[in-house]
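Participant: I have a structure I would like to understand better, so I am pasting it below and will then ask my questions one at a time.
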Amino acid sequence: MRIFLVFICAFCNILRITLPGPAWAKGPLYRNHLAGIGAHDPRKRVDPTHMPWAAIGRVQTELGTRCTGFLLSPILVETAAHCLWQATTKQFVQAHSVHFLLAYQAGHYSAHGRVQRFIIPPGYKAGSANTAGLDRATLVLKNPIAPPETTLRAPTIAMTVHAGNPVMLGGYEQNQPDTLTADQHCSITGMQQDQTGHFLLAHTCAGTHGSSGGPLLYATAQGWQAIGIQTLAARNGAGGLATLLNKSTIFSK
């Protein structure tokens with residue numbers, strides 16, 4: 001069975017891809033359908049002054065693209081690579097045109113970071129889902145914008161996740177682009193591979209256009225970790241796929 005997914009940045013071109021599995025969202029529904037949400041919307045507003053939400057911000061370009069991103073260090077922001085791709089020119093945007101607004105809320109933010117360069121994994125092919133498992137970009141800011149305690153940790157060693165493990169997903173989304181909202185009661189369901197063998201985490205979190213680049217948050221004894229980057233959304237019902245932050249992550253039923 002074919003699976004239809006959409007990249008879910010806001011105000012950018014929507015691309016359709018195929019992977020094995022049930023049916024998912026496709027681009028023509030972008031304006032009147034909230035892909036990745038479903039009949040019941042579990043997303044709630046969250047307080048961007050408290051962790052882990054304080055590490056999340058809005059990534060936007062001077063061309064109008066908007067996505068979500070999050071701090072992994074005072075000077076490094078993680079987001080989805082497709083948020084930086086311009087389908088019309090078939091090029092990535094210039095780094096200096098990318099801005100990160102930390103803890104953005106209704107026109108206010110705790111810090112503004114300008115990007116001096118960004119790093120995209122070798123092998124990522126923009127405009128194609130064949131390499132969706134590499135769909136991530138690390139933004140290097142010109143200056144540190146937050147203390148270390150306002151950053152998220154990523155797994156540094158191999159970890160095992162299980163079906164049913166609770167996770168959360170937050171972002172700046174199509175129908176509420178000026179407010180940070182989150183699904184705080186969702187879970188991991190499995191893993192899928194892109195067409196080049198790279199893995200993505202499947203989850204039940206509600207997240208639509210604009211949530212691309214948001215962190216898939218996993219609770220540990222040491223606090224919240226970002227284990228994935230929201231990349232793709234489902235057509236019917238909540239759920240999506242997240243690019244792994246640590247390729248050594250293992251899934252076990």
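Naming works like this for the structure tokens: A, B, ... for the chains as they're shown, residue 1 at the start of each chain, ligands 1 onward in shown order.
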Would you mind writing down, as JSON, numbers by chain, each residue of stretch 30-211 of chain A that DSSP on the backbone assigns to strand (DSSP E)?
Facilitator: {"A": [44, 45, 56, 57, 58, 59, 60, 61, 66, 67, 68, 69, 70, 71, 72, 73, 76, 77, 78, 79, 85, 86, 91, 92, 98, 99, 100, 101, 102, 111, 112, 113, 114, 115, 116, 117, 118, 119, 137, 138, 139, 140, 141, 160, 161, 162, 166, 167, 168, 169, 170, 171, 172, 173, 176, 177, 178, 179, 180, 181, 182, 183, 184, 185, 186, 187, 188, 189, 190, 191, 192, 193, 199, 200, 201, 202, 203]}
Participant: So that I can check the surroundings of A:Pro177, please list as an NGL selection string every protein, DNA and RNA residue that reaches within 10 Å of it, counting only C-alpha atoms and ignoring chain neighbours fewer than 2 positions away.
Facilitator: :A and (10 or 58 or 66-68 or 104-106 or 171-175 or 179-181 or 209-211)
Participant: How about saving the chosen residues, N, CA, C and O atoms kept, as a short mmCIF file (atom, residue, chain, number, x, y, z; two decimals), in the first residue's frame?
Facilitator:
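After the write, part-v4.cif holds the following:
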data_model
loop_
_atom_site.label_atom_id
_atom_site.label_comp_id
_atom_site.auth_asym_id
_atom_site.auth_seq_id
_atom_site.Cartn_x
_atom_site.Cartn_y
_atom_site.Cartn_z
N ALA A 10 5.43 25.94 7.02
CA ALA A 10 4.35 26.86 6.68
C ALA A 10 4.82 27.81 5.59
O ALA A 10 5.97 28.22 5.55
N ARG A 58 10.71 30.13 16.67
CA ARG A 58 10.26 30.12 15.27
C ARG A 58 11.44 30.40 14.35
O ARG A 58 12.19 31.35 14.56
N ARG A 66 8.16 29.82 7.23
CA ARG A 66 8.14 29.73 8.69
C ARG A 66 8.11 28.27 9.10
O ARG A 66 7.35 27.47 8.56
N CYS A 67 8.94 27.95 10.07
CA CYS A 67 8.99 26.60 10.64
C CYS A 67 9.27 26.73 12.13
O CYS A 67 9.26 27.83 12.68
N THR A 68 9.52 25.61 12.75
CA THR A 68 9.87 25.56 14.16
C THR A 68 11.32 25.11 14.27
O THR A 68 11.84 24.42 13.40
N TYR A 104 9.09 32.54 20.84
CA TYR A 104 8.20 33.51 20.17
C TYR A 104 6.77 33.34 20.65
O TYR A 104 6.27 32.23 20.80
N GLN A 105 6.11 34.46 20.88
CA GLN A 105 4.71 34.44 21.31
C GLN A 105 4.07 35.77 20.98
O GLN A 105 4.42 36.80 21.55
N ALA A 106 3.17 35.76 20.00
CA ALA A 106 2.36 36.94 19.67
C ALA A 106 3.21 38.18 19.43
O ALA A 106 2.92 39.27 19.93
N GLY A 171 5.19 23.26 18.51
CA GLY A 171 5.61 24.04 17.37
C GLY A 171 4.69 25.21 17.09
O GLY A 171 3.70 25.45 17.78
N TYR A 172 5.05 25.95 16.04
CA TYR A 172 4.29 27.12 15.57
C TYR A 172 3.58 26.70 14.29
O TYR A 172 4.21 26.56 13.24
N GLU A 173 2.26 26.53 14.37
CA GLU A 173 1.57 25.80 13.31
C GLU A 173 0.61 26.67 12.51
O GLU A 173 0.25 27.77 12.90
N GLN A 174 0.20 26.12 11.37
CA GLN A 174 -0.56 26.83 10.36
C GLN A 174 -1.73 27.64 10.91
O GLN A 174 -1.92 28.80 10.56
N ASN A 175 -2.52 27.03 11.79
CA ASN A 175 -3.72 27.71 12.26
C ASN A 175 -3.47 28.56 13.51
O ASN A 175 -4.36 29.30 13.93
N THR A 179 1.55 31.42 18.15
CA THR A 179 1.42 30.83 19.47
C THR A 179 2.09 29.47 19.49
O THR A 179 1.89 28.67 18.57
N LEU A 180 2.86 29.19 20.53
CA LEU A 180 3.46 27.88 20.68
C LEU A 180 2.43 26.91 21.25
O LEU A 180 1.92 27.12 22.35
N THR A 181 2.11 25.88 20.48
CA THR A 181 1.15 24.87 20.94
C THR A 181 1.85 23.51 20.94
O THR A 181 2.86 23.31 20.26
N HIS A 209 1.13 21.82 9.41
CA HIS A 209 2.04 22.72 8.70
C HIS A 209 2.58 23.78 9.66
O HIS A 209 1.84 24.42 10.39
N GLY A 210 3.90 23.95 9.67
CA GLY A 210 4.56 24.89 10.57
C GLY A 210 5.28 24.19 11.70
O GLY A 210 6.21 24.75 12.29
N SER A 211 4.87 22.95 12.00
CA SER A 211 5.54 22.20 13.07
C SER A 211 6.84 21.57 12.61
O SER A 211 7.61 21.07 13.44
#
Participant: Find the residues near A:Ile75: any atom within 12 Å, counting only C-alpha atoms, skip ones fewer than 2 places away on the same chain, and give them as a ChimeraX atom specification.
Facilitator: /A:55,70-73,77-78,100,102,111-118,138-148,150-151
Participant: A:Ala158, A:Ala182, A:Ala226, A:Leu200: which is nearest A:Gly133, counting only C-alpha atoms?
Facilitator: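 Answer, going by the shortest atom-to-atom distance: A:Leu200.
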Participant: With distances taken over only C-alpha atoms, which of A:Trp224, A:Trp53, A:Phe251, A:Trp85 is nearest to A:Gly127?
Facilitator: A:Trp85
Participant: Using only C-alpha atoms, determine which residues lie at most 6 Å from A:Thr231, disregarding the query and same-chain residues fewer than 5 positions distant; provide the list as a count of residues only.
Facilitator: 3
Participant: Between atom CA of A:Ile37 and atom CA of A:Gly207, what is the distance in Å, rounded to a tenth?
Facilitator: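 So the answer is 6.0 Å.
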Participant: List the neighbours of A:Ser187 out to 8 Å using only C-alpha atoms; skip same-chain residues closer than 3 positions along the sequence, and give me the result as a ChimeraX atom specification.
Facilitator: /A:163-168,203-205
Participant: Measuring atom to atom with only C-alpha atoms, identify which of A:Ala129, A:Gly237, A:Leu76, A:Leu63 is nearest to A:Gln94.
Facilitator: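 The shortest atom-to-atom distance to A:Gln94 comes from A:Leu63.
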Participant: Going by DSSP on the backbone, which residues of stretch 6-231 of chain A come out as helix (DSSP H, G or I)? List them as a ChimeraX atom specification.
Facilitator: /A:27-29,53-55,81-84,95-97,129-134,148-150
Participant: Between A:Ile250, A:Gly213, A:Gly223, A:His96, which has the minimum distance to A:Glu62 (counting only C-alpha atoms)?
Facilitator: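 Ranked by minimum distance to A:Glu62, first place goes to A:His96.
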